[in-house]
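As provided, protein-v6.cif (mmCIF, C-alpha atoms) reads as follows.
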```cif
data_upload
#
loop_
_atom_site.group_PDB
_atom_site.id
_atom_site.type_symbol
_atom_site.label_atom_id
_atom_site.label_comp_id
_atom_site.auth_asym_id
_atom_site.auth_seq_id
_atom_site.Cartn_x
_atom_site.Cartn_y
_atom_site.Cartn_z
ATOM 1 C CA MET V 283 215.112 158.090 74.899
ATOM 2 C CA SER V 284 217.952 155.637 74.276
ATOM 3 C CA GLU V 285 219.600 155.363 70.866
ATOM 4 C CA LEU V 286 218.487 152.430 68.738
ATOM 5 C CA ARG V 287 221.558 150.354 67.961
ATOM 6 C CA PHE V 288 222.409 147.122 66.175
ATOM 7 C CA ASP V 289 225.486 145.968 68.074
ATOM 8 C CA GLY V 290 226.000 142.238 67.546
ATOM 9 C CA ARG V 291 223.504 142.098 64.683
ATOM 10 C CA VAL V 292 224.388 141.036 61.135
ATOM 11 C CA ALA V 293 222.594 142.652 58.218
ATOM 12 C CA ILE V 294 222.476 142.107 54.464
ATOM 13 C CA VAL V 295 221.496 145.051 52.274
ATOM 14 C CA THR V 296 221.101 144.219 48.593
ATOM 15 C CA GLY V 297 221.774 146.802 45.904
ATOM 16 C CA ALA V 298 223.902 148.743 48.396
ATOM 17 C CA GLY V 299 226.904 149.611 46.261
ATOM 18 C CA GLY V 300 225.410 152.353 44.124
ATOM 19 C CA GLN V 301 226.933 155.729 43.452
ATOM 20 C CA HIS V 302 225.956 158.517 45.826
ATOM 21 C CA PRO V 303 223.089 159.345 46.234
ATOM 22 C CA SER V 304 221.855 155.783 46.575
ATOM 23 C CA LEU V 305 219.182 154.372 48.854
ATOM 24 C CA GLY V 306 220.976 151.063 49.435
ATOM 25 C CA ARG V 307 224.233 152.825 50.160
ATOM 26 C CA SER V 308 222.462 155.108 52.624
ATOM 27 C CA HIS V 309 220.700 152.167 54.323
ATOM 28 C CA VAL V 310 223.813 150.061 54.791
ATOM 29 C CA THR V 311 225.902 153.003 55.979
ATOM 30 C CA LEU V 312 223.354 153.928 58.660
ATOM 31 C CA LEU V 313 223.095 150.343 59.903
ATOM 32 C CA ALA V 314 226.889 150.141 60.121
ATOM 33 C CA GLU V 315 227.069 153.479 61.943
ATOM 34 C CA ARG V 316 224.631 152.056 64.515
ATOM 35 C CA GLY V 317 226.814 149.002 65.132
ATOM 36 C CA ALA V 318 225.597 146.365 62.682
ATOM 37 C CA LYS V 319 228.002 144.133 60.815
ATOM 38 C CA VAL V 320 226.922 144.516 57.206
ATOM 39 C CA VAL V 321 227.090 142.697 53.902
ATOM 40 C CA VAL V 322 227.146 145.221 51.073
ATOM 41 C CA ASN V 323 225.655 143.352 48.136
ATOM 42 C CA ASP V 324 225.646 144.757 44.616
ATOM 43 C CA LEU V 325 226.038 143.148 41.213
ATOM 44 C CA GLY V 326 227.419 146.444 39.930
ATOM 45 C CA VAL V 327 225.168 147.014 36.910
ATOM 46 C CA GLY V 328 223.512 150.250 38.060
ATOM 47 C CA PRO V 329 219.868 151.390 38.105
ATOM 48 C CA ASP V 330 219.050 150.312 34.548
ATOM 49 C CA GLY V 331 220.918 147.001 34.651
ATOM 50 C CA ARG V 332 223.055 148.054 31.702
ATOM 51 C CA GLY V 333 226.247 149.045 33.529
ATOM 52 C CA ILE V 334 226.113 152.685 32.441
ATOM 53 C CA LEU V 335 226.239 153.885 36.049
ATOM 54 C CA ARG V 336 228.458 151.267 37.637
ATOM 55 C CA ALA V 337 227.964 150.400 41.293
ATOM 56 C CA ASN V 338 230.906 149.504 43.534
ATOM 57 C CA ALA V 339 230.220 147.464 46.674
ATOM 58 C CA GLU V 340 233.927 147.327 47.560
ATOM 59 C CA GLN V 341 234.120 151.118 47.676
ATOM 60 C CA VAL V 342 231.184 151.286 50.085
ATOM 61 C CA VAL V 343 232.831 148.646 52.288
ATOM 62 C CA ASP V 344 236.054 150.664 52.324
ATOM 63 C CA GLU V 345 234.140 153.758 53.443
ATOM 64 C CA ILE V 346 232.362 151.870 56.223
ATOM 65 C CA ARG V 347 235.598 150.350 57.478
ATOM 66 C CA ALA V 348 237.348 153.719 57.348
ATOM 67 C CA ALA V 349 234.607 155.052 59.632
ATOM 68 C CA GLY V 350 235.216 152.219 62.099
ATOM 69 C CA GLY V 351 232.461 149.852 60.993
ATOM 70 C CA GLU V 352 232.508 146.183 60.003
ATOM 71 C CA ALA V 353 231.557 145.278 56.461
ATOM 72 C CA VAL V 354 232.169 142.805 53.654
ATOM 73 C CA HIS V 355 231.195 143.088 50.017
ATOM 74 C CA ASP V 356 229.258 140.618 47.892
ATOM 75 C CA GLN V 357 228.694 140.699 44.130
ATOM 76 C CA HIS V 358 226.298 137.811 43.602
ATOM 77 C CA SER V 359 223.052 138.345 41.707
ATOM 78 C CA VAL V 360 219.858 138.151 43.749
ATOM 79 C CA ALA V 361 217.875 137.325 40.607
ATOM 80 C CA ASP V 362 218.478 133.583 40.810
ATOM 81 C CA GLU V 363 218.139 131.130 43.673
ATOM 82 C CA GLU V 364 221.772 130.078 43.838
ATOM 83 C CA GLY V 365 222.990 133.679 43.790
ATOM 84 C CA ALA V 366 220.702 134.539 46.701
ATOM 85 C CA ARG V 367 222.007 131.595 48.686
ATOM 86 C CA SER V 368 225.538 132.811 48.040
ATOM 87 C CA VAL V 369 224.694 136.279 49.391
ATOM 88 C CA VAL V 370 223.430 134.720 52.621
ATOM 89 C CA ALA V 371 226.512 132.476 52.741
ATOM 90 C CA THR V 372 228.695 135.591 52.631
ATOM 91 C CA ALA V 373 227.132 136.777 55.896
ATOM 92 C CA LEU V 374 227.372 133.359 57.526
ATOM 93 C CA ASP V 375 230.992 132.867 56.446
ATOM 94 C CA ALA V 376 231.991 136.273 57.800
ATOM 95 C CA TRP V 377 230.096 136.315 61.102
ATOM 96 C CA GLY V 378 228.266 133.016 61.553
ATOM 97 C CA ARG V 379 224.799 134.507 61.769
ATOM 98 C CA LEU V 380 222.150 136.602 60.037
ATOM 99 C CA ASP V 381 219.615 138.858 61.743
ATOM 100 C CA ILE V 382 218.481 141.437 59.194
ATOM 101 C CA LEU V 383 217.714 141.382 55.479
ATOM 102 C CA VAL V 384 216.983 144.577 53.561
ATOM 103 C CA ASN V 385 215.850 143.829 50.006
ATOM 104 C CA ASN V 386 216.726 146.990 48.107
ATOM 105 C CA ALA V 387 218.247 145.734 44.834
ATOM 106 C CA GLY V 388 216.439 146.731 41.689
ATOM 107 C CA VAL V 389 216.663 147.795 38.069
ATOM 108 C CA CYS V 390 214.234 149.798 36.002
ATOM 109 C CA ALA V 391 213.258 150.673 32.460
ATOM 110 C CA MET V 392 210.784 153.476 31.902
ATOM 111 C CA ALA V 393 208.662 152.741 28.846
ATOM 112 C CA HIS V 394 205.072 152.283 27.783
ATOM 113 C CA PHE V 395 203.640 148.799 28.141
ATOM 114 C CA ASP V 396 203.524 148.207 24.385
ATOM 115 C CA GLU V 397 207.108 149.339 23.779
ATOM 116 C CA ILE V 398 209.119 147.828 26.643
ATOM 117 C CA SER V 399 211.171 144.852 25.476
ATOM 118 C CA SER V 400 210.574 141.313 26.658
ATOM 119 C CA THR V 401 214.149 141.257 27.955
ATOM 120 C CA ASP V 402 213.561 144.316 30.121
ATOM 121 C CA ILE V 403 210.267 142.890 31.404
ATOM 122 C CA ARG V 404 212.003 139.701 32.481
ATOM 123 C CA GLN V 405 214.915 141.541 34.076
ATOM 124 C CA ILE V 406 212.667 143.835 36.111
ATOM 125 C CA LEU V 407 210.589 140.927 37.398
ATOM 126 C CA ASP V 408 213.652 138.760 38.063
ATOM 127 C CA VAL V 409 215.542 141.370 40.059
ATOM 128 C CA HIS V 410 212.686 142.990 41.995
ATOM 129 C CA LEU V 411 210.101 140.282 42.599
ATOM 130 C CA MET V 412 212.097 137.082 42.238
ATOM 131 C CA GLY V 413 215.194 138.670 43.776
ATOM 132 C CA THR V 414 213.212 139.579 46.878
ATOM 133 C CA LEU V 415 211.618 136.138 46.969
ATOM 134 C CA TRP V 416 214.906 134.260 46.550
ATOM 135 C CA MET V 417 216.649 136.372 49.191
ATOM 136 C CA CYS V 418 213.832 135.842 51.698
ATOM 137 C CA ARG V 419 213.843 132.133 50.959
ATOM 138 C CA ALA V 420 217.623 131.882 51.393
ATOM 139 C CA ALA V 421 217.546 133.795 54.685
ATOM 140 C CA TRP V 422 214.395 132.206 56.123
ATOM 141 C CA PRO V 423 215.778 128.918 57.514
ATOM 142 C CA HIS V 424 218.540 130.763 59.379
ATOM 143 C CA LEU V 425 216.108 133.275 60.851
ATOM 144 C CA ARG V 426 213.701 130.487 61.765
ATOM 145 C CA GLU V 427 216.453 128.531 63.519
ATOM 146 C CA ALA V 428 217.448 131.620 65.491
ATOM 147 C CA THR V 429 213.763 132.383 66.256
ATOM 148 C CA TYR V 430 214.549 135.976 65.338
ATOM 149 C CA GLY V 431 214.679 138.042 62.182
ATOM 150 C CA ARG V 432 213.809 141.318 60.550
ATOM 151 C CA ILE V 433 213.114 141.608 56.821
ATOM 152 C CA VAL V 434 212.492 144.909 55.042
ATOM 153 C CA ASN V 435 211.254 144.703 51.446
ATOM 154 C CA THR V 436 211.123 147.648 49.066
ATOM 155 C CA THR V 437 207.837 148.542 47.394
ATOM 156 C CA SER V 438 206.830 151.648 45.442
ATOM 157 C CA GLY V 439 203.908 153.949 44.793
ATOM 158 C CA ALA V 440 204.159 152.602 41.239
ATOM 159 C CA MET V 441 202.149 149.593 42.372
ATOM 160 C CA PHE V 442 199.125 151.913 42.371
ATOM 161 C CA GLY V 443 199.739 152.969 38.766
ATOM 162 C CA ILE V 444 202.316 155.314 37.230
ATOM 163 C CA GLU V 445 202.789 155.866 33.514
ATOM 164 C CA HIS V 446 205.854 154.139 32.042
ATOM 165 C CA LEU V 447 206.160 151.874 35.111
ATOM 166 C CA SER V 448 203.517 149.178 34.647
ATOM 167 C CA ILE V 449 205.993 146.281 34.841
ATOM 168 C CA TYR V 450 207.917 147.837 37.717
ATOM 169 C CA GLY V 451 204.629 148.446 39.538
ATOM 170 C CA ALA V 452 203.546 144.846 38.980
ATOM 171 C CA ALA V 453 206.795 143.610 40.523
ATOM 172 C CA LYS V 454 206.360 145.909 43.515
ATOM 173 C CA SER V 455 202.786 144.737 44.038
ATOM 174 C CA GLY V 456 204.063 141.182 44.120
ATOM 175 C CA ILE V 457 206.634 142.154 46.722
ATOM 176 C CA PHE V 458 203.921 143.609 48.924
ATOM 177 C CA GLY V 459 201.863 140.421 48.650
ATOM 178 C CA LEU V 460 204.959 138.394 49.564
ATOM 179 C CA THR V 461 205.575 140.676 52.533
ATOM 180 C CA ARG V 462 202.079 140.118 53.873
ATOM 181 C CA GLY V 463 202.276 136.357 53.479
ATOM 182 C CA LEU V 464 205.679 136.115 55.163
ATOM 183 C CA ALA V 465 204.475 138.305 58.020
ATOM 184 C CA VAL V 466 201.777 135.720 58.692
ATOM 185 C CA GLU V 467 204.225 132.824 58.477
ATOM 186 C CA GLY V 468 206.808 134.585 60.614
ATOM 187 C CA ALA V 469 204.433 135.547 63.422
ATOM 188 C CA THR V 470 205.152 132.445 65.494
ATOM 189 C CA LEU V 471 208.833 132.311 64.544
ATOM 190 C CA GLY V 472 210.046 135.656 65.871
ATOM 191 C CA ILE V 473 210.417 136.977 62.300
ATOM 192 C CA LYS V 474 208.890 140.326 61.397
ATOM 193 C CA VAL V 475 208.524 141.286 57.755
ATOM 194 C CA ASN V 476 207.590 144.763 56.563
ATOM 195 C CA ALA V 477 207.707 146.823 53.394
ATOM 196 C CA LEU V 478 208.848 150.340 52.650
ATOM 197 C CA GLY V 479 207.858 152.548 49.729
ATOM 198 C CA PRO V 480 210.576 155.222 49.416
ATOM 199 C CA ALA V 481 210.728 158.455 47.445
ATOM 200 C CA ALA V 482 214.211 159.951 47.281
ATOM 201 C CA ASN V 483 216.703 161.788 45.130
ATOM 202 C CA THR V 484 218.811 158.948 43.760
ATOM 203 C CA THR V 485 221.067 158.428 40.783
ATOM 204 C CA ALA V 486 218.133 156.648 39.119
ATOM 205 C CA ILE V 487 216.011 159.824 39.256
ATOM 206 C CA HIS V 488 218.575 161.697 37.187
ATOM 207 C CA HIS V 489 219.440 158.741 34.982
ATOM 208 C CA PHE V 490 215.845 158.285 33.794
ATOM 209 C CA ASN V 491 214.703 161.928 33.770
ATOM 210 C CA GLU V 492 215.841 165.049 31.953
ATOM 211 C CA ALA V 493 216.693 168.044 34.125
ATOM 212 C CA SER V 494 213.410 169.726 35.109
ATOM 213 C CA PRO V 495 211.587 171.303 38.067
ATOM 214 C CA PHE V 496 210.867 167.737 39.171
ATOM 215 C CA THR V 497 214.538 166.759 39.429
ATOM 216 C CA SER V 498 215.316 170.055 41.168
ATOM 217 C CA LEU V 499 212.551 169.388 43.699
ATOM 218 C CA MET V 500 213.923 165.922 44.375
ATOM 219 C CA GLU V 501 217.426 167.299 44.918
ATOM 220 C CA GLU V 502 216.236 169.957 47.336
ATOM 221 C CA HIS V 503 213.700 168.092 49.472
ATOM 222 C CA PHE V 504 214.098 164.326 49.056
ATOM 223 C CA PRO V 505 217.510 163.189 50.341
ATOM 224 C CA THR V 506 218.084 159.474 50.837
ATOM 225 C CA SER V 507 219.043 160.230 54.444
ATOM 226 C CA LEU V 508 215.359 160.888 55.193
ATOM 227 C CA VAL V 509 214.395 157.365 54.101
ATOM 228 C CA SER V 510 217.059 155.203 55.745
ATOM 229 C CA PRO V 511 215.948 155.899 59.356
ATOM 230 C CA VAL V 512 212.631 154.217 58.532
ATOM 231 C CA VAL V 513 214.445 151.173 57.160
ATOM 232 C CA ALA V 514 216.587 151.073 60.293
ATOM 233 C CA TYR V 515 213.548 151.157 62.572
ATOM 234 C CA LEU V 516 211.857 148.330 60.653
ATOM 235 C CA ALA V 517 215.117 146.367 60.967
ATOM 236 C CA HIS V 518 215.433 146.929 64.720
ATOM 237 C CA GLU V 519 214.511 144.401 67.389
ATOM 238 C CA SER V 520 212.125 146.926 68.949
ATOM 239 C CA CYS V 521 210.013 147.182 65.781
ATOM 240 C CA ALA V 522 206.407 146.449 66.690
ATOM 241 C CA LEU V 523 205.090 146.130 63.130
ATOM 242 C CA SER V 524 204.777 143.170 60.799
ATOM 243 C CA GLY V 525 203.041 143.067 57.439
ATOM 244 C CA ALA V 526 202.950 146.861 57.213
ATOM 245 C CA ASN V 527 203.831 149.082 54.255
ATOM 246 C CA LEU V 528 205.364 152.363 55.372
ATOM 247 C CA GLU V 529 205.944 155.221 52.946
ATOM 248 C CA ALA V 530 208.901 157.553 53.472
ATOM 249 C CA ALA V 531 209.627 160.777 51.594
ATOM 250 C CA ALA V 532 211.111 164.176 52.430
ATOM 251 C CA GLY V 533 210.965 163.533 56.162
ATOM 252 C CA ASN V 534 207.367 162.295 56.161
ATOM 253 C CA VAL V 535 206.611 158.753 57.292
ATOM 254 C CA GLY V 536 203.144 157.302 56.793
ATOM 255 C CA LEU V 537 201.381 153.956 56.795
ATOM 256 C CA ARG V 538 199.886 152.859 53.484
ATOM 257 C CA VAL V 539 196.470 151.459 54.363
ATOM 258 C CA PHE V 540 194.187 149.203 52.370
ATOM 259 C CA GLY V 541 190.441 148.965 52.659
ATOM 260 C CA GLN V 542 187.315 147.315 51.352
ATOM 261 C CA THR V 543 183.842 148.773 51.005
ATOM 262 C CA ALA V 544 180.825 147.153 52.637
ATOM 263 C CA GLY V 545 179.587 146.475 49.126
ATOM 264 C CA TYR V 546 176.327 144.903 48.012
ATOM 265 C CA THR V 547 175.122 141.430 48.999
ATOM 266 C CA ASP V 548 172.572 139.289 47.217
ATOM 267 C CA ALA V 549 172.327 135.495 47.405
ATOM 268 C CA ASP V 550 170.810 135.565 43.894
ATOM 269 C CA LEU V 551 173.473 137.800 42.354
ATOM 270 C CA THR V 552 173.259 138.441 38.612
ATOM 271 C CA VAL V 553 175.275 140.458 36.128
ATOM 272 C CA GLU V 554 172.531 143.071 36.039
ATOM 273 C CA LYS V 555 172.457 143.412 39.825
ATOM 274 C CA VAL V 556 176.200 144.144 39.807
ATOM 275 C CA ARG V 557 175.542 146.847 37.202
ATOM 276 C CA ASP V 558 172.557 148.325 39.024
ATOM 277 C CA ASN V 559 174.279 148.427 42.420
ATOM 278 C CA LEU V 560 177.711 149.569 41.322
ATOM 279 C CA SER V 561 177.447 152.840 43.241
ATOM 280 C CA THR V 562 176.868 150.879 46.449
ATOM 281 C CA ILE V 563 179.667 148.437 45.664
ATOM 282 C CA THR V 564 182.152 151.257 45.086
ATOM 283 C CA ASP V 565 181.026 153.619 47.867
ATOM 284 C CA LYS V 566 184.313 154.403 49.617
ATOM 285 C CA ARG V 567 182.457 155.957 52.547
ATOM 286 C CA THR V 568 181.615 152.424 53.710
ATOM 287 C CA ALA V 569 185.195 151.185 53.529
ATOM 288 C CA THR V 570 186.949 149.647 56.493
ATOM 289 C CA MET V 571 190.686 149.136 56.692
ATOM 290 C CA ILE V 572 192.125 145.690 56.097
ATOM 291 C CA PRO V 573 194.223 144.886 59.180
ATOM 292 C CA ASP V 574 197.907 144.083 58.934
ATOM 293 C CA PRO V 575 198.851 140.454 59.608
ATOM 294 C CA GLY V 576 200.376 141.530 62.910
ATOM 295 C CA GLU V 577 196.963 142.686 64.108
ATOM 296 C CA VAL V 578 194.741 139.673 63.295
ATOM 297 C CA PRO V 579 195.096 136.595 61.075
ATOM 298 C CA ALA V 580 193.655 138.032 57.866
ATOM 299 C CA GLY V 581 192.179 136.310 54.871
ATOM 300 C CA PRO V 582 192.066 137.687 51.310
ATOM 301 C CA THR V 583 189.624 140.460 52.262
ATOM 302 C CA GLY V 584 190.884 141.031 55.790
ATOM 303 C CA ALA V 585 188.372 138.678 57.419
ATOM 304 C CA VAL V 586 189.550 136.250 60.052
ATOM 305 C CA GLN V 587 190.303 132.938 58.394
ATOM 306 C CA LEU V 588 187.746 130.206 58.930
ATOM 307 C CA GLY V 589 189.953 127.382 60.171
ATOM 308 C CA ALA V 590 190.568 125.559 56.896
ATOM 309 C CA VAL V 591 192.427 122.248 57.233
ATOM 310 C CA LEU V 592 194.920 121.861 54.417
ATOM 311 C CA LYS V 593 195.794 118.621 52.706
ATOM 312 C CA PRO V 594 199.533 117.718 52.852
ATOM 313 C CA TYR V 595 201.671 119.606 50.337
ATOM 314 C CA GLN V 596 203.039 117.482 47.489
ATOM 315 C CA PRO V 597 206.055 119.172 45.859
ATOM 316 C CA ILE V 598 206.612 118.811 42.121
#
```

Translate this structure into structure tokens?
Amino acid sequence: MSELRFDGRVAIVTGAGGQHPSLGRSHVTLLAERGAKVVVNDLGVGPDGRGILRANAEQVVDEIRAAGGEAVHDQHSVADEEGARSVVATALDAWGRLDILVNNAGVCAMAHFDEISSTDIRQILDVHLMGTLWMCRAAWPHLREATYGRIVNTTSGAMFGIEHLSIYGAAKSGIFGLTRGLAVEGATLGIKVNALGPAANTTAIHHFNEASPFTSLMEEHFPTSLVSPVVAYLAHESCALSGANLEAAAGNVGLRVFGQTAGYTDADLTVEKVRDNLSTITDKRTATMIPDPGEVPAGPTGAVQLGAVLKPYQPI
């Protein structure tokens, strides 16, 4: 089989200037090795947003160029609309086009819901959820005009519930919802949008955790190099998926699927009937998978939409 390459393509990878091992650094390096011209974006504040582990986008650019690749650095914040536009402008100013966006930037604070500060809550949501949204919005008109684009957004298993990560998980859930919606909107525009939930040994793992069997396991079996190939496939023109959420860890790649049970139906539904039929409502044996947007036009529960005619949008 032929090698998948990105010659002539321009890619932005956010949060790509982290210290090794870093997912963003691994992603952008692989894309550059395969021929992409890359924007290495990183604000430089590190995995907790506090600047304790400084990131260095310029250093990553120097390494890519030394290996024969083409790269420029960018230090704008993705957490606000103007910053996101500036990141996209960096790609356009350097190469006059944009083909690929990998939304990887993020910060974290591990704390219980009732102890995490309001400042940390806002920062996590701003960088992860709003940062992804603003970057997609800044890139979208250029991808639409070119009738081509690939967007890879970063989710996490935390969106299904992990202690100390309720806010982070909420942001990642929002990113998945955004991914699905944009996959629908991009279907007729040549734009494919997918999500990736990675598990890898990164600087963040060691920054937030004391040394333990867990950190040793991550070091031994979860290199970032076993995640980046999945990102690269989702960013490639041959990618057949849109609206999917792949999970990548320790060399395993899987599709995260979502389903809904057949449930209980009653035209005269009451509170008591919900109570009395809960076992039927929650019977996972009756579940069917909700299709990805690339498979059929899906509504909130995966059903084909019923041809609603919208009134004209009136912006505020």

Practice item. Quick one: apply the PyMOL selection byres ((chain V and resi 407-418) around 9) to the file and drop the selected residues here as a PyMOL selection string. Key: chain V and resi 359-367+369-370+383+385-389+402-406+419-422+433+435-436+449-450+452-457+460+464

**Study point:** Option closest in space to His355 in chain V, from V:Arg307, V:Arg316, V:Arg336, V:Arg426 [counting all atoms listed in the file]
**Key:** V:Arg307

Emit as JSON the padded axis-aligned box for all listed atoms of range 452-467 of chain V, 4 Å per side, with centre and edge lengths in Å to one decimal.
```
{"center_x": 204.3, "center_y": 139.4, "center_z": 48.8, "size_x": 13.0, "size_y": 21.1, "size_z": 27.7}
```

**Study point:** Polymer residues at most 10 Å from (233.6, 147.8, 58.3) by all atoms listed in the file, as a list in words
**Key:**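 Within 10 Å of (233.6, 147.8, 58.3), the protein and nucleic acid residues are Thr311, Ala314, Glu315, Gly317, Ala318, Lys319, Val320, Val321, Val342, Val343, Asp344, Glu345, Ile346, Arg347, Ala348, Ala349, Gly350, Gly351, Glu352, Ala353, Val354 and His355 of chain V.
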
Point to revise | Glu501 in chain V surroundings by all atoms listed in the file, 10 Å radius, close-in-sequence under 3 positions cut, as number ranges by chain | key: V: 303, 482-484, 487-488, 495-498, 504-506

Practice item. Skip Arg462 in chain V itself and residues of its chain fewer than 2 positions away, then list as JSON, numbers by chain all residues within 9 Å of it, counting only C-alpha atoms. Key: {"V": [457, 458, 459, 460, 464, 465, 466, 467, 475, 476, 477, 524, 525, 526, 574, 575]}

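Note that CA of Leu447 in chain V and CA of Ala391 in chain V are 7.7 Å apart.
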
Check your understanding: Quick one: residues within 12 Å of Ala481 in chain V, only C-alpha atoms counted, chain neighbours fewer than 2 positions away excluded, as a ChimeraX atom specification?
Key -> /V:304-305,436-440,478-479,483-484,486-487,499-501,503-510,528-535

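When CA of Gln542 in chain V is paired with CA of Thr564 in chain V, their separation reads 9.0 Å.
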
Can I get the residues of range 389-460 of chain V within 10 Å of range 373-380 of chain V, each with the closest pair of atoms and their distance in Å to one decimal, using only C-alpha atoms, sorted chain first then ascending number, as CSV?
```
residue,atom,partner,partner_atom,distance
V:Ala421,CA,V:Leu380,CA,7.6
V:Trp422,CA,V:Leu380,CA,9.7
V:His424,CA,V:Leu380,CA,6.9
V:Leu425,CA,V:Leu380,CA,6.9
V:Ala428,CA,V:Arg379,CA,8.7
V:Tyr430,CA,V:Leu380,CA,9.3
V:Gly431,CA,V:Leu380,CA,7.9
V:Arg432,CA,V:Leu380,CA,9.6
```

Practice item. Spell out the residues picked by the PyMOL selection byres ((chain V and resi 285-288) around 10) here, as a ChimeraX atom specification. Key: /V:283-284,289-293,313-319,381-382,514-515,517-520

Please produce a file of those selected residues containing C-alpha atoms, as a PDB file, in the coordinates of the input.
```pdb
ATOM      1  CA  MET V 283     215.112 158.090  74.899  1.00  0.00           C
ATOM      2  CA  SER V 284     217.952 155.637  74.276  1.00  0.00           C
ATOM      3  CA  ASP V 289     225.486 145.968  68.074  1.00  0.00           C
ATOM      4  CA  GLY V 290     226.000 142.238  67.546  1.00  0.00           C
ATOM      5  CA  ARG V 291     223.504 142.098  64.683  1.00  0.00           C
ATOM      6  CA  VAL V 292     224.388 141.036  61.135  1.00  0.00           C
ATOM      7  CA  ALA V 293     222.594 142.652  58.218  1.00  0.00           C
ATOM      8  CA  LEU V 313     223.095 150.343  59.903  1.00  0.00           C
ATOM      9  CA  ALA V 314     226.889 150.141  60.121  1.00  0.00           C
ATOM     10  CA  GLU V 315     227.069 153.479  61.943  1.00  0.00           C
ATOM     11  CA  ARG V 316     224.631 152.056  64.515  1.00  0.00           C
ATOM     12  CA  GLY V 317     226.814 149.002  65.132  1.00  0.00           C
ATOM     13  CA  ALA V 318     225.597 146.365  62.682  1.00  0.00           C
ATOM     14  CA  LYS V 319     228.002 144.133  60.815  1.00  0.00           C
ATOM     15  CA  ASP V 381     219.615 138.858  61.743  1.00  0.00           C
ATOM     16  CA  ILE V 382     218.481 141.437  59.194  1.00  0.00           C
ATOM     17  CA  ALA V 514     216.587 151.073  60.293  1.00  0.00           C
ATOM     18  CA  TYR V 515     213.548 151.157  62.572  1.00  0.00           C
ATOM     19  CA  ALA V 517     215.117 146.367  60.967  1.00  0.00           C
ATOM     20  CA  HIS V 518     215.433 146.929  64.720  1.00  0.00           C
ATOM     21  CA  GLU V 519     214.511 144.401  67.389  1.00  0.00           C
ATOM     22  CA  SER V 520     212.125 146.926  68.949  1.00  0.00           C
TER      23      SER V 520
END
```

Exercise for review: Calculate how many Å separate CA of Gly589 in chain V from CA of Gly545 in chain V, rounding to one decimal.
Suggested key: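 Between CA of Gly589 in chain V and CA of Gly545 in chain V the gap works out to 24.4 Å.
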